[in-house]
$ cat start-v8.cif   # mmCIF, all heavy atoms
data_target
loop_
_atom_site.label_atom_id
_atom_site.label_comp_id
_atom_site.auth_asym_id
_atom_site.auth_seq_id
_atom_site.Cartn_x
_atom_site.Cartn_y
_atom_site.Cartn_z
N MET A 934 108.54 61.35 79.42
CA MET A 934 107.82 61.77 80.60
C MET A 934 106.58 60.89 80.73
O MET A 934 105.81 60.76 79.79
CB MET A 934 107.43 63.24 80.46
CG MET A 934 106.61 63.70 81.60
SD MET A 934 106.06 65.43 81.68
CE MET A 934 106.73 66.27 80.34
N SER A 935 106.40 60.34 81.89
CA SER A 935 105.24 59.48 82.09
C SER A 935 104.01 60.34 82.39
O SER A 935 104.10 61.47 82.85
CB SER A 935 105.49 58.52 83.24
OG SER A 935 105.51 59.21 84.47
N SER A 936 102.86 59.77 82.13
CA SER A 936 101.62 60.51 82.38
C SER A 936 101.40 60.70 83.88
O SER A 936 100.78 61.68 84.29
CB SER A 936 100.44 59.79 81.75
OG SER A 936 100.27 58.51 82.35
N GLN A 937 101.91 59.80 84.67
CA GLN A 937 101.77 59.94 86.12
C GLN A 937 102.57 61.14 86.62
O GLN A 937 102.09 61.91 87.46
CB GLN A 937 102.26 58.66 86.80
CG GLN A 937 101.85 58.55 88.24
CD GLN A 937 102.25 57.20 88.81
OE1 GLN A 937 103.31 56.68 88.46
NE2 GLN A 937 101.42 56.65 89.67
N TYR A 938 103.76 61.35 86.10
CA TYR A 938 104.57 62.51 86.47
C TYR A 938 103.90 63.80 86.01
O TYR A 938 103.85 64.78 86.75
CB TYR A 938 105.97 62.39 85.86
CG TYR A 938 106.81 63.61 86.08
CD1 TYR A 938 107.36 63.88 87.32
CD2 TYR A 938 107.06 64.51 85.04
CE1 TYR A 938 108.13 65.01 87.53
CE2 TYR A 938 107.82 65.63 85.24
CZ TYR A 938 108.36 65.87 86.48
OH TYR A 938 109.12 66.99 86.69
N ALA A 939 103.38 63.79 84.79
CA ALA A 939 102.71 64.99 84.26
C ALA A 939 101.49 65.33 85.11
O ALA A 939 101.24 66.51 85.39
CB ALA A 939 102.30 64.76 82.81
N TRP A 940 100.74 64.34 85.53
CA TRP A 940 99.56 64.59 86.36
C TRP A 940 99.96 65.19 87.71
O TRP A 940 99.31 66.09 88.21
CB TRP A 940 98.76 63.31 86.55
CG TRP A 940 97.62 63.48 87.50
CD1 TRP A 940 97.47 62.87 88.68
CD2 TRP A 940 96.49 64.34 87.34
NE1 TRP A 940 96.31 63.27 89.29
CE2 TRP A 940 95.68 64.19 88.49
CE3 TRP A 940 96.08 65.23 86.36
CZ2 TRP A 940 94.51 64.89 88.67
CZ3 TRP A 940 94.91 65.92 86.55
CH2 TRP A 940 94.14 65.75 87.68
N ARG A 941 101.07 64.71 88.30
CA ARG A 941 101.54 65.27 89.57
C ARG A 941 101.93 66.73 89.41
O ARG A 941 101.63 67.56 90.28
CB ARG A 941 102.73 64.47 90.10
CG ARG A 941 102.33 63.18 90.76
CD ARG A 941 103.46 62.59 91.54
NE ARG A 941 104.75 62.76 90.87
CZ ARG A 941 105.65 61.82 90.73
NH1 ARG A 941 105.44 60.62 91.22
NH2 ARG A 941 106.79 62.05 90.11
N VAL A 942 102.58 67.06 88.31
CA VAL A 942 102.99 68.44 88.07
C VAL A 942 101.77 69.33 87.87
O VAL A 942 101.68 70.42 88.46
CB VAL A 942 103.94 68.53 86.85
CG1 VAL A 942 104.18 69.97 86.45
CG2 VAL A 942 105.25 67.82 87.14
N VAL A 943 100.82 68.89 87.09
CA VAL A 943 99.60 69.67 86.85
C VAL A 943 98.84 69.86 88.15
O VAL A 943 98.34 70.95 88.44
CB VAL A 943 98.71 68.98 85.79
CG1 VAL A 943 97.33 69.59 85.74
CG2 VAL A 943 99.38 69.03 84.43
N ARG A 944 98.77 68.84 88.97
CA ARG A 944 98.06 68.92 90.24
C ARG A 944 98.74 69.92 91.17
O ARG A 944 98.06 70.71 91.84
CB ARG A 944 98.00 67.54 90.89
CG ARG A 944 96.97 67.44 91.98
CD ARG A 944 96.76 66.05 92.42
NE ARG A 944 98.04 65.41 92.74
CZ ARG A 944 98.18 64.20 93.21
NH1 ARG A 944 97.13 63.46 93.41
NH2 ARG A 944 99.36 63.70 93.45
N LYS A 945 100.07 69.94 91.21
CA LYS A 945 100.79 70.90 92.04
C LYS A 945 100.58 72.33 91.55
O LYS A 945 100.38 73.25 92.34
CB LYS A 945 102.29 70.59 92.07
CG LYS A 945 102.63 69.42 92.96
CD LYS A 945 104.13 69.21 93.01
CE LYS A 945 104.46 68.01 93.85
NZ LYS A 945 105.90 67.79 93.93
N VAL A 946 100.60 72.54 90.25
CA VAL A 946 100.38 73.87 89.68
C VAL A 946 98.98 74.35 90.01
O VAL A 946 98.78 75.50 90.43
CB VAL A 946 100.63 73.88 88.16
CG1 VAL A 946 100.14 75.16 87.53
CG2 VAL A 946 102.11 73.67 87.87
N LEU A 947 97.98 73.49 89.85
CA LEU A 947 96.61 73.87 90.17
C LEU A 947 96.45 74.16 91.65
O LEU A 947 95.74 75.10 92.02
CB LEU A 947 95.64 72.77 89.74
CG LEU A 947 95.43 72.61 88.24
CD1 LEU A 947 94.53 71.41 87.94
CD2 LEU A 947 94.85 73.87 87.64
N LEU A 948 97.09 73.39 92.49
CA LEU A 948 97.02 73.63 93.93
C LEU A 948 97.58 75.01 94.27
O LEU A 948 96.98 75.76 95.03
CB LEU A 948 97.78 72.55 94.69
CG LEU A 948 97.87 72.73 96.20
CD1 LEU A 948 96.50 72.62 96.82
CD2 LEU A 948 98.83 71.74 96.79
N TRP A 949 98.72 75.36 93.69
CA TRP A 949 99.33 76.67 93.96
C TRP A 949 98.47 77.81 93.40
O TRP A 949 98.40 78.88 93.99
CB TRP A 949 100.75 76.74 93.43
CG TRP A 949 101.70 76.06 94.36
CD1 TRP A 949 102.33 74.86 94.17
CD2 TRP A 949 102.08 76.50 95.66
NE1 TRP A 949 103.07 74.56 95.27
CE2 TRP A 949 102.95 75.54 96.20
CE3 TRP A 949 101.77 77.62 96.42
CZ2 TRP A 949 103.52 75.67 97.46
CZ3 TRP A 949 102.33 77.74 97.69
CH2 TRP A 949 103.19 76.78 98.19
N LEU A 950 97.82 77.59 92.27
CA LEU A 950 96.93 78.62 91.74
C LEU A 950 95.73 78.85 92.66
O LEU A 950 95.32 79.99 92.88
CB LEU A 950 96.44 78.23 90.34
CG LEU A 950 97.47 78.38 89.22
CD1 LEU A 950 96.90 77.82 87.92
CD2 LEU A 950 97.88 79.82 89.06
N VAL A 951 95.18 77.78 93.20
CA VAL A 951 94.06 77.91 94.13
C VAL A 951 94.51 78.62 95.40
O VAL A 951 93.82 79.51 95.91
CB VAL A 951 93.45 76.52 94.45
CG1 VAL A 951 92.50 76.58 95.63
CG2 VAL A 951 92.76 75.96 93.23
N ILE A 952 95.67 78.27 95.92
CA ILE A 952 96.21 78.93 97.11
C ILE A 952 96.43 80.41 96.85
O ILE A 952 96.09 81.25 97.68
CB ILE A 952 97.51 78.23 97.58
CG1 ILE A 952 97.18 76.84 98.14
CG2 ILE A 952 98.24 79.07 98.61
CD1 ILE A 952 98.40 75.99 98.42
N ALA A 953 96.97 80.75 95.68
CA ALA A 953 97.21 82.16 95.34
C ALA A 953 95.89 82.92 95.22
O ALA A 953 95.78 84.06 95.68
CB ALA A 953 98.00 82.25 94.03
N LEU A 954 94.88 82.30 94.63
CA LEU A 954 93.57 82.95 94.49
C LEU A 954 92.94 83.20 95.86
O LEU A 954 92.42 84.29 96.11
CB LEU A 954 92.64 82.09 93.63
CG LEU A 954 91.24 82.63 93.41
CD1 LEU A 954 91.30 83.93 92.61
CD2 LEU A 954 90.39 81.61 92.70
N ILE A 955 93.03 82.23 96.74
CA ILE A 955 92.50 82.40 98.09
C ILE A 955 93.25 83.52 98.82
O ILE A 955 92.64 84.34 99.51
CB ILE A 955 92.56 81.07 98.86
CG1 ILE A 955 91.55 80.08 98.28
CG2 ILE A 955 92.29 81.28 100.35
CD1 ILE A 955 91.69 78.67 98.80
N ALA A 956 94.56 83.57 98.65
CA ALA A 956 95.36 84.61 99.30
C ALA A 956 94.99 86.00 98.78
O ALA A 956 94.91 86.95 99.56
CB ALA A 956 96.85 84.35 99.09
N VAL A 957 94.74 86.12 97.49
CA VAL A 957 94.34 87.41 96.92
C VAL A 957 92.98 87.84 97.45
O VAL A 957 92.78 89.01 97.80
CB VAL A 957 94.35 87.34 95.37
CG1 VAL A 957 93.63 88.52 94.76
CG2 VAL A 957 95.77 87.26 94.85
N ILE A 958 92.06 86.90 97.52
CA ILE A 958 90.71 87.23 98.03
C ILE A 958 90.78 87.66 99.50
O ILE A 958 90.20 88.68 99.88
CB ILE A 958 89.76 86.03 97.85
CG1 ILE A 958 89.47 85.82 96.37
CG2 ILE A 958 88.48 86.20 98.65
CD1 ILE A 958 88.74 84.54 96.05
N ILE A 959 91.50 86.91 100.31
CA ILE A 959 91.63 87.26 101.72
C ILE A 959 92.35 88.59 101.88
O ILE A 959 91.96 89.44 102.69
CB ILE A 959 92.34 86.13 102.50
CG1 ILE A 959 91.43 84.90 102.57
CG2 ILE A 959 92.73 86.58 103.90
CD1 ILE A 959 92.10 83.67 103.14
N GLY A 960 93.39 88.82 101.09
CA GLY A 960 94.12 90.08 101.14
C GLY A 960 93.25 91.27 100.76
O GLY A 960 93.32 92.33 101.38
N ALA A 961 92.41 91.09 99.74
CA ALA A 961 91.51 92.17 99.33
C ALA A 961 90.50 92.48 100.43
O ALA A 961 90.21 93.64 100.72
CB ALA A 961 90.79 91.80 98.04
N MET A 962 89.99 91.44 101.07
CA MET A 962 89.03 91.64 102.16
C MET A 962 89.68 92.35 103.34
O MET A 962 89.10 93.27 103.91
CB MET A 962 88.43 90.31 102.59
CG MET A 962 87.51 89.70 101.57
SD MET A 962 86.85 88.11 102.10
CE MET A 962 85.73 88.65 103.38
N ILE A 963 90.88 91.94 103.69
CA ILE A 963 91.58 92.57 104.82
C ILE A 963 91.91 94.02 104.48
O ILE A 963 91.70 94.92 105.29
CB ILE A 963 92.85 91.78 105.18
CG1 ILE A 963 92.47 90.43 105.80
CG2 ILE A 963 93.74 92.57 106.13
CD1 ILE A 963 93.64 89.49 106.00
N GLY A 964 92.42 94.26 103.29
CA GLY A 964 92.76 95.62 102.89
C GLY A 964 91.56 96.53 102.85
O GLY A 964 91.62 97.68 103.29
N TYR A 965 90.44 96.04 102.34
CA TYR A 965 89.23 96.85 102.28
C TYR A 965 88.69 97.10 103.68
O TYR A 965 88.19 98.18 103.97
CB TYR A 965 88.18 96.15 101.41
CG TYR A 965 87.11 97.07 100.90
CD1 TYR A 965 87.36 97.96 99.87
CD2 TYR A 965 85.83 97.05 101.43
CE1 TYR A 965 86.38 98.80 99.39
CE2 TYR A 965 84.84 97.89 100.97
CZ TYR A 965 85.12 98.76 99.95
OH TYR A 965 84.15 99.60 99.48
N GLY A 966 88.81 96.11 104.54
CA GLY A 966 88.37 96.28 105.92
C GLY A 966 89.21 97.27 106.68
O GLY A 966 88.70 98.09 107.45
N ILE A 967 90.52 97.24 106.48
CA ILE A 967 91.42 98.19 107.14
C ILE A 967 91.13 99.60 106.65
O ILE A 967 91.23 100.57 107.40
CB ILE A 967 92.89 97.80 106.90
CG1 ILE A 967 93.23 96.54 107.69
CG2 ILE A 967 93.83 98.92 107.28
CD1 ILE A 967 94.60 95.97 107.40
N GLY A 968 90.76 99.73 105.39
CA GLY A 968 90.46 101.03 104.81
C GLY A 968 89.14 101.62 105.29
O GLY A 968 88.79 102.72 104.92
N GLY A 969 88.41 100.91 106.10
CA GLY A 969 87.18 101.44 106.68
C GLY A 969 85.91 100.93 106.04
O GLY A 969 84.82 101.35 106.40
N GLY A 970 86.03 100.03 105.08
CA GLY A 970 84.84 99.51 104.43
C GLY A 970 84.43 98.16 104.99
O GLY A 970 85.13 97.56 105.79
N ASP A 971 83.27 97.70 104.56
CA ASP A 971 82.80 96.38 104.93
C ASP A 971 83.54 95.36 104.06
O ASP A 971 83.45 95.43 102.83
CB ASP A 971 81.29 96.30 104.70
CG ASP A 971 80.70 94.96 105.08
OD1 ASP A 971 81.37 94.20 105.81
OD2 ASP A 971 79.57 94.67 104.65
N PRO A 972 84.28 94.41 104.65
CA PRO A 972 85.08 93.48 103.85
C PRO A 972 84.28 92.67 102.83
O PRO A 972 84.81 92.29 101.80
CB PRO A 972 85.69 92.55 104.90
CG PRO A 972 85.69 93.32 106.16
CD PRO A 972 84.49 94.22 106.08
N VAL A 973 83.01 92.45 103.07
CA VAL A 973 82.19 91.67 102.13
C VAL A 973 81.88 92.48 100.87
O VAL A 973 81.70 91.92 99.80
CB VAL A 973 80.90 91.20 102.83
CG1 VAL A 973 80.02 90.41 101.89
CG2 VAL A 973 81.24 90.35 104.05
N LYS A 974 81.87 93.80 100.99
CA LYS A 974 81.56 94.65 99.85
C LYS A 974 82.66 94.66 98.79
O LYS A 974 82.48 95.21 97.72
CB LYS A 974 81.28 96.08 100.31
CG LYS A 974 79.95 96.21 101.01
CD LYS A 974 79.63 97.65 101.31
CE LYS A 974 78.27 97.76 101.96
NZ LYS A 974 77.94 99.15 102.25
N VAL A 975 83.80 94.04 99.11
CA VAL A 975 84.88 93.98 98.13
C VAL A 975 84.47 93.14 96.91
O VAL A 975 85.05 93.27 95.84
CB VAL A 975 86.18 93.44 98.78
CG1 VAL A 975 86.14 91.95 98.96
CG2 VAL A 975 87.40 93.83 97.97
N PHE A 976 83.44 92.33 97.05
CA PHE A 976 82.99 91.48 95.95
C PHE A 976 81.96 92.14 95.06
O PHE A 976 81.59 91.57 94.03
CB PHE A 976 82.42 90.17 96.51
CG PHE A 976 83.42 89.38 97.29
CD1 PHE A 976 83.27 89.22 98.65
CD2 PHE A 976 84.52 88.81 96.68
CE1 PHE A 976 84.19 88.50 99.39
CE2 PHE A 976 85.45 88.09 97.40
CZ PHE A 976 85.28 87.94 98.75
N LEU A 977 81.48 93.32 95.41
CA LEU A 977 80.48 94.00 94.60
C LEU A 977 81.11 94.61 93.34
O LEU A 977 82.19 95.19 93.40
CB LEU A 977 79.81 95.11 95.41
CG LEU A 977 78.97 94.66 96.60
CD1 LEU A 977 78.47 95.89 97.36
CD2 LEU A 977 77.82 93.81 96.14
N PRO A 978 80.46 94.48 92.21
CA PRO A 978 80.98 95.08 90.97
C PRO A 978 81.14 96.60 91.07
O PRO A 978 82.05 97.16 90.46
CB PRO A 978 79.95 94.71 89.92
CG PRO A 978 79.24 93.52 90.46
CD PRO A 978 79.26 93.68 91.94
N SER A 979 80.28 97.25 91.84
CA SER A 979 80.39 98.70 91.96
C SER A 979 81.69 99.11 92.65
O SER A 979 82.26 100.15 92.34
CB SER A 979 79.19 99.25 92.74
OG SER A 979 79.14 98.71 94.04
N THR A 980 82.17 98.28 93.56
CA THR A 980 83.44 98.56 94.23
C THR A 980 84.58 98.52 93.22
O THR A 980 85.44 99.41 93.21
CB THR A 980 83.69 97.52 95.35
OG1 THR A 980 82.62 97.57 96.27
CG2 THR A 980 85.00 97.80 96.06
N TRP A 981 84.58 97.52 92.37
CA TRP A 981 85.65 97.40 91.38
C TRP A 981 85.55 98.48 90.31
O TRP A 981 86.57 98.94 89.78
CB TRP A 981 85.64 96.00 90.77
CG TRP A 981 86.07 95.00 91.80
CD1 TRP A 981 85.26 94.19 92.53
CD2 TRP A 981 87.40 94.77 92.25
NE1 TRP A 981 86.01 93.46 93.41
CE2 TRP A 981 87.33 93.79 93.26
CE3 TRP A 981 88.65 95.29 91.92
CZ2 TRP A 981 88.46 93.32 93.92
CZ3 TRP A 981 89.77 94.81 92.58
CH2 TRP A 981 89.68 93.85 93.56
N GLY A 982 84.32 98.90 90.00
CA GLY A 982 84.15 100.02 89.07
C GLY A 982 84.72 101.30 89.64
O GLY A 982 85.36 102.08 88.94
N HIS A 983 84.50 101.52 90.93
CA HIS A 983 85.06 102.70 91.60
C HIS A 983 86.59 102.64 91.61
O HIS A 983 87.25 103.65 91.38
CB HIS A 983 84.52 102.78 93.03
CG HIS A 983 85.07 103.93 93.81
ND1 HIS A 983 84.74 105.24 93.55
CD2 HIS A 983 85.96 103.96 94.83
CE1 HIS A 983 85.40 106.03 94.38
NE2 HIS A 983 86.13 105.26 95.18
N ILE A 984 87.14 101.47 91.87
CA ILE A 984 88.61 101.31 91.86
C ILE A 984 89.16 101.58 90.47
O ILE A 984 90.18 102.26 90.31
CB ILE A 984 89.00 99.92 92.38
CG1 ILE A 984 88.67 99.80 93.87
CG2 ILE A 984 90.48 99.65 92.12
CD1 ILE A 984 88.80 98.40 94.42
N ALA A 985 88.50 101.07 89.44
CA ALA A 985 88.95 101.29 88.06
C ALA A 985 88.87 102.77 87.70
O ALA A 985 89.79 103.29 87.04
CB ALA A 985 88.10 100.47 87.10
N ASP A 986 87.83 103.45 88.12
CA ASP A 986 87.71 104.90 87.86
C ASP A 986 88.80 105.67 88.59
O ASP A 986 89.34 106.65 88.07
CB ASP A 986 86.34 105.41 88.28
CG ASP A 986 85.23 104.91 87.40
OD1 ASP A 986 85.52 104.47 86.26
OD2 ASP A 986 84.06 104.92 87.85
N PHE A 987 89.12 105.25 89.79
CA PHE A 987 90.15 105.91 90.59
C PHE A 987 91.52 105.75 89.94
O PHE A 987 92.33 106.68 89.97
CB PHE A 987 90.17 105.32 92.00
CG PHE A 987 91.19 105.94 92.90
CD1 PHE A 987 90.99 107.20 93.43
CD2 PHE A 987 92.35 105.25 93.24
CE1 PHE A 987 91.93 107.77 94.27
CE2 PHE A 987 93.30 105.82 94.06
CZ PHE A 987 93.09 107.09 94.59
N LEU A 988 91.79 104.63 89.31
CA LEU A 988 93.09 104.37 88.71
C LEU A 988 93.28 105.05 87.35
O LEU A 988 94.39 105.15 86.86
CB LEU A 988 93.33 102.86 88.56
CG LEU A 988 93.48 102.11 89.87
CD1 LEU A 988 93.60 100.61 89.60
CD2 LEU A 988 94.67 102.61 90.66
N LYS A 989 92.20 105.52 86.75
CA LYS A 989 92.31 106.18 85.43
C LYS A 989 92.96 107.53 85.54
O LYS A 989 92.98 108.26 86.38
CB LYS A 989 90.93 106.31 84.79
CG LYS A 989 90.42 105.01 84.29
CD LYS A 989 89.09 105.22 83.59
CE LYS A 989 88.55 103.90 83.13
NZ LYS A 989 87.26 104.01 82.52
#

$ encode --input "start-v8.cif" --output "C-alpha cells"
Amino acid sequence: MSSQYAWRVVRKVLLWLVIALIAVIIGAMIGYGIGGGDPVKVFLPSTWGHIADFLK
C-alpha cells in the first residue's frame, strides 16, 4: 500500500467524521428547537445534565 493511497483513505474517513459531527450538531439544534427550547441552549452543560438525569 502506498502512502499516497493511505493518505487518501485517512482524508476520506476524516471528512466523513466531520460531516457526521456537523449533522449531529444540526440535528440536536433542530430537535431542541422543535421541542420548544432555544436551539442555542443545546450546547449548555446544564442541558446535557438534565438529559442525563432524565435517562436514568

$ atom_distance --input "start-v8.cif" --atom1 "CA of Met962 in chain A" --atom2 "CZ of Phe976 in chain A"
6.3 Å

$ atom_distance --input "start-v8.cif" --atom1 "CD2 of Tyr965 in chain A" --atom2 "CG2 of Thr980 in chain A"
5.5 Å

$ select_by_dssp --input "start-v8.cif" --residues "chain A" --states "alpha helix (DSSP H)" --output "PyMOL selection string"
chain A and resi 936-967+978-988

$ atom_distance --input "start-v8.cif" --atom1 "CA of Gly960 in chain A" --atom2 "CA of Val973 in chain A"
12.1 Å

$ decode --input "start-v8.cif" --residues "range 969-988 of chain A" --atoms "N, CA and C atoms" --output "short mmCIF file (atom, residue, chain, number, x, y, z; two decimals), in the first residue's frame"
data_model
loop_
_atom_site.label_atom_id
_atom_site.label_comp_id
_atom_site.auth_asym_id
_atom_site.auth_seq_id
_atom_site.Cartn_x
_atom_site.Cartn_y
_atom_site.Cartn_z
N GLY A 969 -39.45 23.09 21.69
CA GLY A 969 -39.87 24.31 22.36
C GLY A 969 -38.75 25.07 23.03
N GLY A 970 -37.53 24.60 22.91
CA GLY A 970 -36.41 25.30 23.54
C GLY A 970 -35.67 26.18 22.56
N ASP A 971 -34.75 26.96 23.10
CA ASP A 971 -33.88 27.79 22.28
C ASP A 971 -32.79 26.88 21.71
N PRO A 972 -32.66 26.77 20.38
CA PRO A 972 -31.69 25.84 19.79
C PRO A 972 -30.24 26.06 20.24
N VAL A 973 -29.89 27.27 20.62
CA VAL A 973 -28.52 27.55 21.05
C VAL A 973 -28.25 26.95 22.43
N LYS A 974 -29.29 26.80 23.24
CA LYS A 974 -29.12 26.26 24.58
C LYS A 974 -28.76 24.78 24.59
N VAL A 975 -28.81 24.14 23.43
CA VAL A 975 -28.44 22.73 23.37
C VAL A 975 -26.96 22.53 23.70
N PHE A 976 -26.17 23.59 23.62
CA PHE A 976 -24.74 23.49 23.90
C PHE A 976 -24.39 23.71 25.36
N LEU A 977 -25.35 24.09 26.19
CA LEU A 977 -25.08 24.32 27.60
C LEU A 977 -24.91 23.01 28.36
N PRO A 978 -23.94 22.93 29.25
CA PRO A 978 -23.75 21.71 30.04
C PRO A 978 -24.97 21.37 30.90
N SER A 979 -25.70 22.38 31.35
CA SER A 979 -26.87 22.11 32.18
C SER A 979 -27.95 21.36 31.39
N THR A 980 -28.03 21.63 30.10
CA THR A 980 -29.00 20.92 29.25
C THR A 980 -28.65 19.44 29.19
N TRP A 981 -27.38 19.13 29.00
CA TRP A 981 -26.96 17.73 28.91
C TRP A 981 -27.07 17.03 30.26
N GLY A 982 -26.85 17.79 31.35
CA GLY A 982 -27.05 17.21 32.67
C GLY A 982 -28.50 16.84 32.90
N HIS A 983 -29.40 17.70 32.45
CA HIS A 983 -30.84 17.41 32.57
C HIS A 983 -31.21 16.19 31.73
N ILE A 984 -30.66 16.08 30.54
CA ILE A 984 -30.94 14.92 29.67
C ILE A 984 -30.41 13.65 30.32
N ALA A 985 -29.21 13.70 30.90
CA ALA A 985 -28.64 12.53 31.57
C ALA A 985 -29.48 12.13 32.77
N ASP A 986 -29.97 13.10 33.53
CA ASP A 986 -30.84 12.79 34.69
C ASP A 986 -32.15 12.17 34.22
N PHE A 987 -32.68 12.66 33.12
CA PHE A 987 -33.93 12.15 32.58
C PHE A 987 -33.78 10.70 32.12
N LEU A 988 -32.63 10.33 31.59
CA LEU A 988 -32.42 8.98 31.08
C LEU A 988 -32.13 7.96 32.17
#
